[in-house]
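> For reference, this is final_20.cif, and it has mmCIF, C-alpha atoms.
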```
data_structure
loop_
_atom_site.label_atom_id
_atom_site.label_comp_id
_atom_site.auth_asym_id
_atom_site.auth_seq_id
_atom_site.Cartn_x
_atom_site.Cartn_y
_atom_site.Cartn_z
CA MET A 916 142.73 192.20 219.59
CA LEU A 917 140.48 194.42 221.62
CA GLU A 918 140.89 194.96 225.35
CA LYS A 919 137.63 193.05 225.71
CA ASP A 920 139.20 190.02 224.01
CA ILE A 921 142.10 189.94 226.47
CA GLU A 922 139.63 190.28 229.34
CA ASN A 923 137.49 187.43 227.99
CA LEU A 924 140.46 185.09 227.64
CA VAL A 925 141.76 185.83 231.15
CA ALA A 926 138.27 185.33 232.64
CA LEU A 927 137.69 182.10 230.73
CA TYR A 928 141.12 180.51 231.15
CA PRO A 929 142.80 181.89 234.29
CA HIS A 930 144.83 178.68 234.68
CA GLU A 931 146.63 179.51 231.42
CA PHE A 932 147.68 182.97 232.56
CA PHE A 933 148.13 182.27 236.27
CA PRO A 934 149.15 178.61 236.63
CA ASN A 935 149.04 177.12 240.14
CA GLU A 936 146.94 180.02 241.48
CA ASN A 937 143.71 177.97 241.53
CA LEU A 938 141.54 180.92 240.60
CA SER A 939 137.80 180.69 240.06
CA LEU A 940 135.70 183.42 238.48
CA ILE A 941 133.33 185.41 240.68
CA GLY A 942 132.36 187.83 237.94
CA GLN A 943 133.40 189.62 234.77
CA GLN A 944 132.46 193.30 234.50
CA TYR A 945 131.51 192.90 238.16
CA SER A 946 129.28 195.81 239.22
CA ILE A 947 129.93 197.79 242.41
CA GLU A 948 128.41 201.23 243.13
CA GLY A 949 127.95 201.98 239.44
CA LYS A 950 131.52 200.98 238.59
CA ARG A 951 132.56 197.83 236.74
CA VAL A 952 135.55 195.72 237.75
CA ASP A 953 137.01 193.92 234.74
CA ILE A 954 137.42 190.61 236.56
CA LEU A 955 136.95 189.42 240.13
CA PHE A 956 138.52 186.07 241.03
CA GLU A 957 138.65 183.98 244.19
CA ASP A 958 141.38 181.49 245.09
CA ASN A 959 141.06 178.26 247.09
CA LEU A 960 141.81 180.17 250.32
CA LYS A 961 138.81 182.47 249.64
CA ARG A 962 141.03 185.46 248.91
CA LYS A 963 139.63 187.82 246.30
CA LEU A 964 141.68 189.12 243.38
CA ILE A 965 140.67 192.32 241.58
CA VAL A 966 142.02 192.24 238.01
CA GLU A 967 142.12 195.21 235.66
CA ILE A 968 143.10 194.60 232.02
CA LYS A 969 144.78 197.16 229.78
CA ARG A 970 145.78 196.71 226.15
CA GLY A 971 149.11 198.17 225.14
CA ILE A 972 151.17 199.98 227.75
CA LEU A 973 150.07 200.24 231.37
CA THR A 974 149.08 203.85 231.98
CA ARG A 975 149.46 205.93 235.14
CA GLU A 976 145.69 206.23 235.42
CA ALA A 977 145.20 202.49 235.85
CA SER A 978 146.49 202.49 239.43
CA GLY A 979 143.89 205.04 240.53
CA GLN A 980 141.15 203.06 238.81
CA ILE A 981 141.94 199.74 240.51
CA ALA A 982 142.51 201.45 243.87
CA GLU A 983 139.00 202.89 243.63
CA TYR A 984 137.57 199.44 242.96
CA TYR A 985 139.47 198.11 245.97
CA GLY A 986 138.02 200.83 248.18
CA LEU A 987 134.47 200.21 247.01
CA LEU A 988 134.68 196.45 247.48
CA LYS A 989 136.42 196.68 250.84
CA SER A 990 133.89 199.17 252.19
CA LYS A 991 131.09 196.75 251.32
CA ASN A 992 132.86 193.64 252.56
CA GLN A 993 135.24 194.68 255.34
CA ASN A 994 136.00 191.12 256.45
CA GLU A 995 137.08 189.99 252.99
CA TYR A 996 140.72 189.95 251.89
CA TYR A 997 141.34 191.63 248.51
CA GLU A 998 144.43 191.83 246.33
CA MET A 999 144.91 193.98 243.25
CA LEU A 1000 146.45 192.96 239.93
CA LEU A 1001 147.04 195.17 236.89
CA CYS A 1002 147.63 193.40 233.57
CA ALA A 1003 148.89 194.96 230.34
CA ASN A 1004 150.85 193.99 227.26
CA VAL A 1005 153.70 196.32 228.23
CA ILE A 1006 154.57 197.51 231.75
CA PRO A 1007 157.43 200.01 232.13
CA LYS A 1008 159.95 198.90 234.74
CA GLU A 1009 159.73 202.08 236.81
CA ARG A 1010 155.92 201.86 236.88
CA ARG A 1011 156.03 198.26 238.03
CA ILE A 1012 158.45 199.11 240.85
CA PHE A 1013 156.22 201.92 242.09
CA LEU A 1014 152.99 199.95 241.88
CA GLU A 1015 154.35 196.88 243.62
CA HIS A 1016 155.79 199.13 246.34
CA ILE A 1017 152.25 200.37 247.12
CA GLY A 1018 150.74 196.88 247.03
CA ILE A 1019 149.45 196.59 243.47
CA GLU A 1020 150.79 193.56 241.63
CA CYS A 1021 151.56 193.76 237.90
CA LYS A 1022 151.70 191.14 235.17
CA GLU A 1023 152.64 191.52 231.54
CA LEU A 1024 150.38 189.58 229.19
CA GLY A 1025 152.42 189.20 226.04
CA ILE A 1026 150.80 189.27 222.63
CA ALA A 1027 152.38 185.91 221.78
CA LEU A 1028 150.88 184.27 224.89
CA ILE A 1029 147.44 185.74 224.24
CA SER A 1030 147.55 184.63 220.58
CA GLU A 1031 148.68 181.14 221.58
CA ILE A 1032 145.85 180.71 224.09
CA ALA A 1033 143.30 182.07 221.61
CA LYS A 1034 144.45 179.51 219.03
CA LYS A 1035 144.38 176.70 221.60
CA TYR A 1036 140.73 177.34 222.47
CA GLN A 1037 139.70 178.51 218.97
CA TYR A 1038 138.76 181.92 220.32
CA GLU A 1039 137.96 184.43 217.58
CA PHE A 1040 139.13 187.98 218.18
CA SER A 1041 136.41 190.60 217.79
CA ASP A 1042 138.52 192.66 215.40
CA GLU A 1043 139.87 189.75 213.35
CA GLU A 1044 140.17 190.68 209.68
CA PRO A 1045 138.72 188.30 207.09
CA SER A 1046 141.19 185.54 206.25
CA ILE A 1047 141.92 186.54 202.68
CA LYS A 1048 145.14 186.43 200.76
CA ILE A 1049 146.61 189.85 200.07
CA PRO A 1050 147.00 190.28 196.30
CA ALA A 1051 150.64 189.93 195.25
CA HIS A 1052 150.64 193.30 193.48
CA THR A 1053 149.68 195.00 196.75
CA LEU A 1054 152.75 193.58 198.44
CA SER A 1055 155.05 194.66 195.63
CA PRO A 1056 156.41 198.20 195.39
CA ASP A 1057 154.88 200.47 192.74
CA ASP A 1058 156.66 200.76 189.43
CA SER A 1059 156.49 204.52 190.03
CA ALA A 1060 159.13 204.03 192.71
CA GLY A 1061 161.59 203.37 189.91
CA LYS A 1062 162.79 200.08 191.36
CA ASN A 1063 163.51 196.75 189.72
CA THR A 1064 161.89 194.32 192.17
CA LYS A 1065 163.60 191.38 190.45
CA ASP A 1066 166.93 192.64 191.71
CA ASN A 1067 167.46 190.92 195.06
CA GLU A 1068 169.93 193.60 196.13
CA GLU A 1069 167.42 196.39 195.55
CA ILE A 1070 165.67 198.04 198.48
CA SER A 1071 161.96 198.80 198.23
CA VAL A 1072 160.81 197.58 201.65
CA TRP A 1073 161.53 199.27 204.97
CA ILE A 1074 161.13 198.43 208.63
CA PHE A 1075 159.73 201.28 210.75
CA GLN A 1076 160.56 200.54 214.37
CA GLY A 1077 158.63 201.70 217.44
CA ASN A 1078 159.70 201.30 221.07
CA PRO A 1079 156.64 200.28 223.15
CA GLN A 1080 158.23 201.92 226.20
CA ARG A 1081 158.04 205.26 224.35
CA TYR A 1082 155.11 204.87 221.95
CA ASP A 1083 151.96 202.78 222.51
CA ILE A 1084 151.89 201.20 219.06
CA LEU A 1085 149.29 198.54 219.96
CA ASN A 1086 146.61 201.08 220.88
CA ALA A 1087 147.60 203.39 218.03
CA LEU A 1088 146.93 200.56 215.56
CA ALA A 1089 143.46 200.08 217.06
CA ASP A 1090 142.46 203.76 217.12
CA ASN A 1091 139.49 204.55 214.84
CA ASP A 1092 140.62 208.18 214.54
CA ILE A 1093 143.92 207.01 213.06
CA GLY A 1094 142.27 204.29 211.01
CA ASN A 1095 144.46 202.85 208.27
CA ASN A 1096 146.54 206.01 207.77
CA ILE A 1097 149.49 206.16 210.11
CA HIS A 1098 152.52 208.45 210.17
CA TRP A 1099 156.08 207.57 211.14
CA LEU A 1100 159.34 209.36 211.72
CA VAL A 1101 162.13 208.98 209.18
CA ASN A 1102 165.42 209.39 211.02
CA GLN A 1103 167.53 207.32 208.62
CA HIS A 1104 167.61 206.71 204.85
CA LYS A 1105 165.46 209.76 204.08
CA ASN A 1106 166.83 209.92 200.52
CA LYS A 1107 166.12 206.25 199.80
CA ILE A 1108 162.62 205.73 201.22
CA LYS A 1109 160.14 206.46 198.43
CA LYS A 1110 156.45 206.73 197.72
CA GLY A 1111 155.11 203.31 196.72
CA HIS A 1112 157.56 201.36 198.87
CA ILE A 1113 156.35 198.84 201.46
CA GLY A 1114 156.61 199.54 205.20
CA LEU A 1115 156.75 196.96 207.99
CA LEU A 1116 155.73 198.33 211.39
CA TRP A 1117 158.05 196.72 213.91
CA MET A 1118 157.57 196.79 217.68
CA SER A 1119 160.82 196.39 219.62
CA GLY A 1120 161.25 194.80 223.03
CA PRO A 1121 160.65 191.26 224.34
CA GLU A 1122 157.95 190.64 221.72
CA ALA A 1123 159.74 192.31 218.84
CA GLY A 1124 158.34 191.68 215.40
CA ILE A 1125 156.13 192.88 212.56
CA TYR A 1126 152.70 194.17 213.65
CA ALA A 1127 151.43 195.72 210.40
CA ILE A 1128 152.14 195.92 206.67
CA THR A 1129 151.83 199.32 205.01
CA ARG A 1130 152.27 201.12 201.73
CA ILE A 1131 154.23 204.38 201.88
CA ASN A 1132 152.19 207.27 200.44
CA ASN A 1133 154.86 209.96 200.05
CA ASP A 1134 158.58 210.57 199.96
CA PRO A 1135 159.80 211.68 203.39
CA LYS A 1136 159.02 215.32 204.06
CA LEU A 1137 158.78 217.74 206.95
CA MET A 1138 155.49 217.13 208.75
CA THR A 1139 154.12 217.92 212.19
CA GLU A 1140 152.80 215.13 214.40
CA TYR A 1141 149.34 213.96 213.31
CA ALA A 1142 146.97 215.03 216.11
CA PRO A 1143 145.27 211.64 216.86
CA GLU A 1144 148.70 210.01 217.22
CA LYS A 1145 150.13 212.43 219.78
CA LYS A 1146 148.45 210.81 222.78
CA TYR A 1147 150.26 207.53 222.25
CA TRP A 1148 153.66 208.97 223.11
CA ILE A 1149 154.39 207.86 226.67
CA ASP A 1150 156.10 211.14 227.53
CA SER A 1151 153.17 213.51 227.06
CA SER A 1152 155.48 216.51 227.52
CA LYS A 1153 157.50 215.51 224.45
CA GLU A 1154 157.61 218.29 221.88
CA HIS A 1155 155.96 217.01 218.70
CA HIS A 1156 157.92 219.29 216.42
CA GLU A 1157 158.08 219.32 212.66
CA ALA A 1158 160.28 216.46 211.46
CA MET A 1159 160.86 214.17 208.51
CA ARG A 1160 157.93 211.76 208.32
CA VAL A 1161 155.98 209.59 205.91
CA GLU A 1162 152.28 208.80 205.79
CA MET A 1163 151.48 205.13 205.28
CA THR A 1164 148.30 203.23 204.45
CA ILE A 1165 147.97 200.06 206.48
CA ILE A 1166 147.41 197.09 204.17
CA LYS A 1167 147.10 194.49 206.92
CA LYS A 1168 147.23 194.61 210.71
CA LEU A 1169 149.00 191.70 212.37
CA VAL A 1170 148.47 192.62 216.03
CA ASN A 1171 146.50 189.45 216.78
CA TYR A 1172 149.14 187.20 215.23
CA PRO A 1173 152.36 189.20 214.65
CA ILE A 1174 155.36 187.83 212.80
CA LEU A 1175 157.73 187.72 215.76
CA LYS A 1176 161.48 188.25 215.64
CA LYS A 1177 162.05 184.95 217.46
CA LYS A 1178 160.50 183.20 214.45
CA LEU A 1179 162.31 185.25 211.82
CA VAL A 1180 165.77 184.75 213.31
CA GLY A 1181 165.53 181.03 212.67
CA ILE A 1182 164.69 181.34 208.97
CA LYS A 1183 167.39 180.62 206.41
CA ASP A 1184 168.55 183.64 204.38
CA LEU A 1185 167.22 186.15 206.93
CA GLU A 1186 170.29 186.03 209.16
CA ASN A 1187 171.56 189.31 207.69
CA LEU A 1188 168.30 191.23 208.07
CA SER A 1189 169.40 194.75 208.92
CA ILE A 1190 167.44 195.07 212.18
CA PHE A 1191 169.16 191.92 213.51
CA LYS A 1192 172.57 193.47 212.93
CA GLN A 1193 171.93 196.97 214.29
CA PHE A 1194 168.67 197.29 216.20
CA GLN A 1195 169.08 200.91 217.36
CA GLY A 1196 167.22 203.29 215.08
CA THR A 1197 163.88 203.94 213.41
CA ASN A 1198 164.26 202.91 209.76
CA PHE A 1199 165.87 199.74 208.43
CA PRO A 1200 166.19 198.48 204.84
CA VAL A 1201 164.84 195.07 203.83
CA ARG A 1202 166.24 193.59 200.63
CA ASN A 1203 163.69 192.34 198.13
CA ALA A 1204 164.90 188.75 198.54
CA GLU A 1205 164.36 189.03 202.30
CA TRP A 1206 160.89 190.49 201.82
CA HIS A 1207 160.00 187.67 199.47
CA ILE A 1208 160.76 185.22 202.31
CA ILE A 1209 159.01 187.26 205.03
CA SER A 1210 155.84 187.71 202.96
CA LYS A 1211 155.32 183.93 202.93
CA TYR A 1212 154.64 184.09 206.67
CA LEU A 1213 151.79 186.58 206.43
CA PRO A 1214 148.56 185.15 207.89
CA GLY A 1215 145.59 184.65 205.63
#
```
What does the file become when written as structure tokens?

Amino acid sequence: MLEKDIENLVALYPHEFFPNENLSLIGQQYSIEGKRVDILFEDNLKRKLIVEIKRGILTREASGQIAEYYGLLKSKNQNEYYEMLLCANVIPKERRIFLEHIGIECKELGIALISEIAKKYQYEFSDEEPSIKIPAHTLSPDDSAGKNTKDNEEISVWIFQGNPQRYDILNALADNDIGNNIHWLVNQHKNKIKKGHIGLLWMSGPEAGIYAITRINNDPKLMTEYAPEKKYWIDSSKEHHEAMRVEMTIIKKLVNYPILKKKLVGIKDLENLSIFKQFQGTNFPVRNAEWHIISKYLPG
């Protein structure tokens, strides 16, 4: 989903995101002094609400942006009462505390909630991929990996976990400069992960789950951070040193409708999935029998 899609849904259906607030839309992309406010609402007490929407993690820059909008609107309409609200898929706790201390409210808009509302109103995401079935051979590891995929104890599928508080995976998956080739650290199982295996990009946190399916293009090797991906690390001072990594080709992005952990935990024969047992780490094995079950829940 694009940031514009989230904005559209919030503007169209504020009662779904902010129940009992009685908000009515004044304008979307509301123009003021050459700037554009994402959304401007009014409640039944005539109070105005400035809403700024961000996909992925809420950045530091967002507070300055919405504060500028507040200043412009207030200078034009000094007798009006304005409140500010920043919305994002992920809001770090320390950022929320700071922003609310200075009078800027924050609200996390979870991917699951957005997807649910989109389905309810039959809203089509701008970046929705064609609803086609992925060929079975694409979802099976290459023979070159030297694996017998009929052996349910064999490992040819791997979860690659990302912490959204540290790495903005949602925006990385939408970046045209990254495209369908993404790189990931290999901190565990470096001698078992092989070219031709399948990778499942997993976002941790409250909306943990699978957000993309990939094919691994190389055995793990020492690689420096791929330049377009560096900006999505939350700590921009982090040293992006040479480390064991793999390059992966994204077969299917699931950001609009991810396969969430809360769904997987209730499925028979997935109770021993490795990431359920020990969720700290980057790389987790998925047995072929488990992958066979998970693959049935792929959209399209």
> Using CA of Glu1140 in chain A and CA of Ile1093 in chain A as the two end points, give the distance in Å to one decimal.
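Distance reported for this atom pair: 12.1 Å.
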> Find the residues near Glu1122 in chain A: any atom within 8 Å, counting only C-alpha atoms, skip ones fewer than 2 places away on the same chain, and give them as a ChimeraX atom specification.
/A:1025-1027,1118-1120,1124,1175-1176
> For Ser939 in chain A, which residue among A:Val952, A:Val925, A:Ile1074, A:Ile1084 is the nearest when counting only C-alpha atoms?
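Of A:Val952, A:Val925, A:Ile1074, A:Ile1084, the one nearest Ser939 in chain A is A:Val925, counting only C-alpha atoms.
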> Got a sec to resolve the PyMOL selection byres ((chain A and resi 1185) around 12) on this structure and send the residues as a ChimeraX atom specification?
/A:1176-1184,1186-1192,1201-1209
> With only C-alpha atoms as the atoms that count, which of A:Asp1134, A:Asp1150, A:Glu1020, A:Glu967 lies nearest to Gly1111 in chain A?
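Looking only at the distances to Gly1111 in chain A, the closest residue turns out to be A:Asp1134.
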> Using the chain letters and numbers from the file, give me the residues hit by the PyMOL selection byres ((chain A and resi 1033-1042) around 12), as a PDB file with C-alpha atoms, in the frame of the given file.

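As written to disk, result15.pdb reads:
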```pdb
ATOM      1  CA  MET A 916     142.730 192.200 219.590  1.00  0.00           C
ATOM      2  CA  LEU A 917     140.480 194.420 221.620  1.00  0.00           C
ATOM      3  CA  GLU A 918     140.890 194.960 225.350  1.00  0.00           C
ATOM      4  CA  LYS A 919     137.630 193.050 225.710  1.00  0.00           C
ATOM      5  CA  ASP A 920     139.200 190.020 224.010  1.00  0.00           C
ATOM      6  CA  ILE A 921     142.100 189.940 226.470  1.00  0.00           C
ATOM      7  CA  GLU A 922     139.630 190.280 229.340  1.00  0.00           C
ATOM      8  CA  ASN A 923     137.490 187.430 227.990  1.00  0.00           C
ATOM      9  CA  LEU A 924     140.460 185.090 227.640  1.00  0.00           C
ATOM     10  CA  VAL A 925     141.760 185.830 231.150  1.00  0.00           C
ATOM     11  CA  LEU A 927     137.690 182.100 230.730  1.00  0.00           C
ATOM     12  CA  TYR A 928     141.120 180.510 231.150  1.00  0.00           C
ATOM     13  CA  GLU A 931     146.630 179.510 231.420  1.00  0.00           C
ATOM     14  CA  PHE A 932     147.680 182.970 232.560  1.00  0.00           C
ATOM     15  CA  ILE A1026     150.800 189.270 222.630  1.00  0.00           C
ATOM     16  CA  ALA A1027     152.380 185.910 221.780  1.00  0.00           C
ATOM     17  CA  LEU A1028     150.880 184.270 224.890  1.00  0.00           C
ATOM     18  CA  ILE A1029     147.440 185.740 224.240  1.00  0.00           C
ATOM     19  CA  SER A1030     147.550 184.630 220.580  1.00  0.00           C
ATOM     20  CA  GLU A1031     148.680 181.140 221.580  1.00  0.00           C
ATOM     21  CA  ILE A1032     145.850 180.710 224.090  1.00  0.00           C
ATOM     22  CA  GLU A1043     139.870 189.750 213.350  1.00  0.00           C
ATOM     23  CA  GLU A1044     140.170 190.680 209.680  1.00  0.00           C
ATOM     24  CA  PRO A1045     138.720 188.300 207.090  1.00  0.00           C
ATOM     25  CA  SER A1046     141.190 185.540 206.250  1.00  0.00           C
ATOM     26  CA  LEU A1088     146.930 200.560 215.560  1.00  0.00           C
ATOM     27  CA  ALA A1089     143.460 200.080 217.060  1.00  0.00           C
ATOM     28  CA  ASP A1090     142.460 203.760 217.120  1.00  0.00           C
ATOM     29  CA  ASN A1091     139.490 204.550 214.840  1.00  0.00           C
ATOM     30  CA  LYS A1168     147.230 194.610 210.710  1.00  0.00           C
ATOM     31  CA  LEU A1169     149.000 191.700 212.370  1.00  0.00           C
ATOM     32  CA  VAL A1170     148.470 192.620 216.030  1.00  0.00           C
ATOM     33  CA  ASN A1171     146.500 189.450 216.780  1.00  0.00           C
ATOM     34  CA  TYR A1172     149.140 187.200 215.230  1.00  0.00           C
TER      35      TYR A1172
END
```
> Could you tell me, as a VMD selection string, exactly which residues end up selected when the PyMOL selection byres ((chain A and resi 969) around 6) is applied to this structure?
chain A and resid 968 970 1003
> Report, in Å with one decimal, the straight-line distance from CA of Asn1096 in chain A to CA of Tyr1212 in chain A.
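Taking CA of Asn1096 in chain A and CA of Tyr1212 in chain A, their separation equals 23.4 Å.
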> Hey, which of A:Gln944, A:Asn1078, A:Ser1071, A:Ser990 ends up closest to Phe1194 in chain A? Count only C-alpha atoms.
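Using only C-alpha atoms, Phe1194 in chain A sits closest to A:Asn1078.
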> Can you work out the spacing between CA of Tyr997 in chain A and CA of Glu957 in chain A in Å, to one decimal?
9.2 Å
> Choose the residue, out of A:Ile965, A:Ile972, A:Ala977, A:Ile954, that has the smallest atom-to-atom separation from Lys1008 in chain A; count only C-alpha atoms.
A:Ile972
> Got a sec to check which residues sit within 12 Å of (163.6, 206.3, 206.4), counting all atoms listed in the file, and write them as a PyMOL selection string?
chain A and resi 1070-1076+1098-1110+1112-1115+1131+1133-1136+1158-1162+1196-1201
> Considering all atoms listed in the file, state which residue in the set A:Ile1125, A:Gly979, A:Leu987, A:Asn994 is at the smallest distance from Arg962 in chain A.
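Closest residue, counting all atoms listed in the file: A:Asn994.
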> Ranking A:Leu973, A:Ile1166, A:Leu1024, A:Leu960 by minimum distance to Tyr1147 in chain A and counting all atoms listed in the file, which one comes first?
A:Leu973
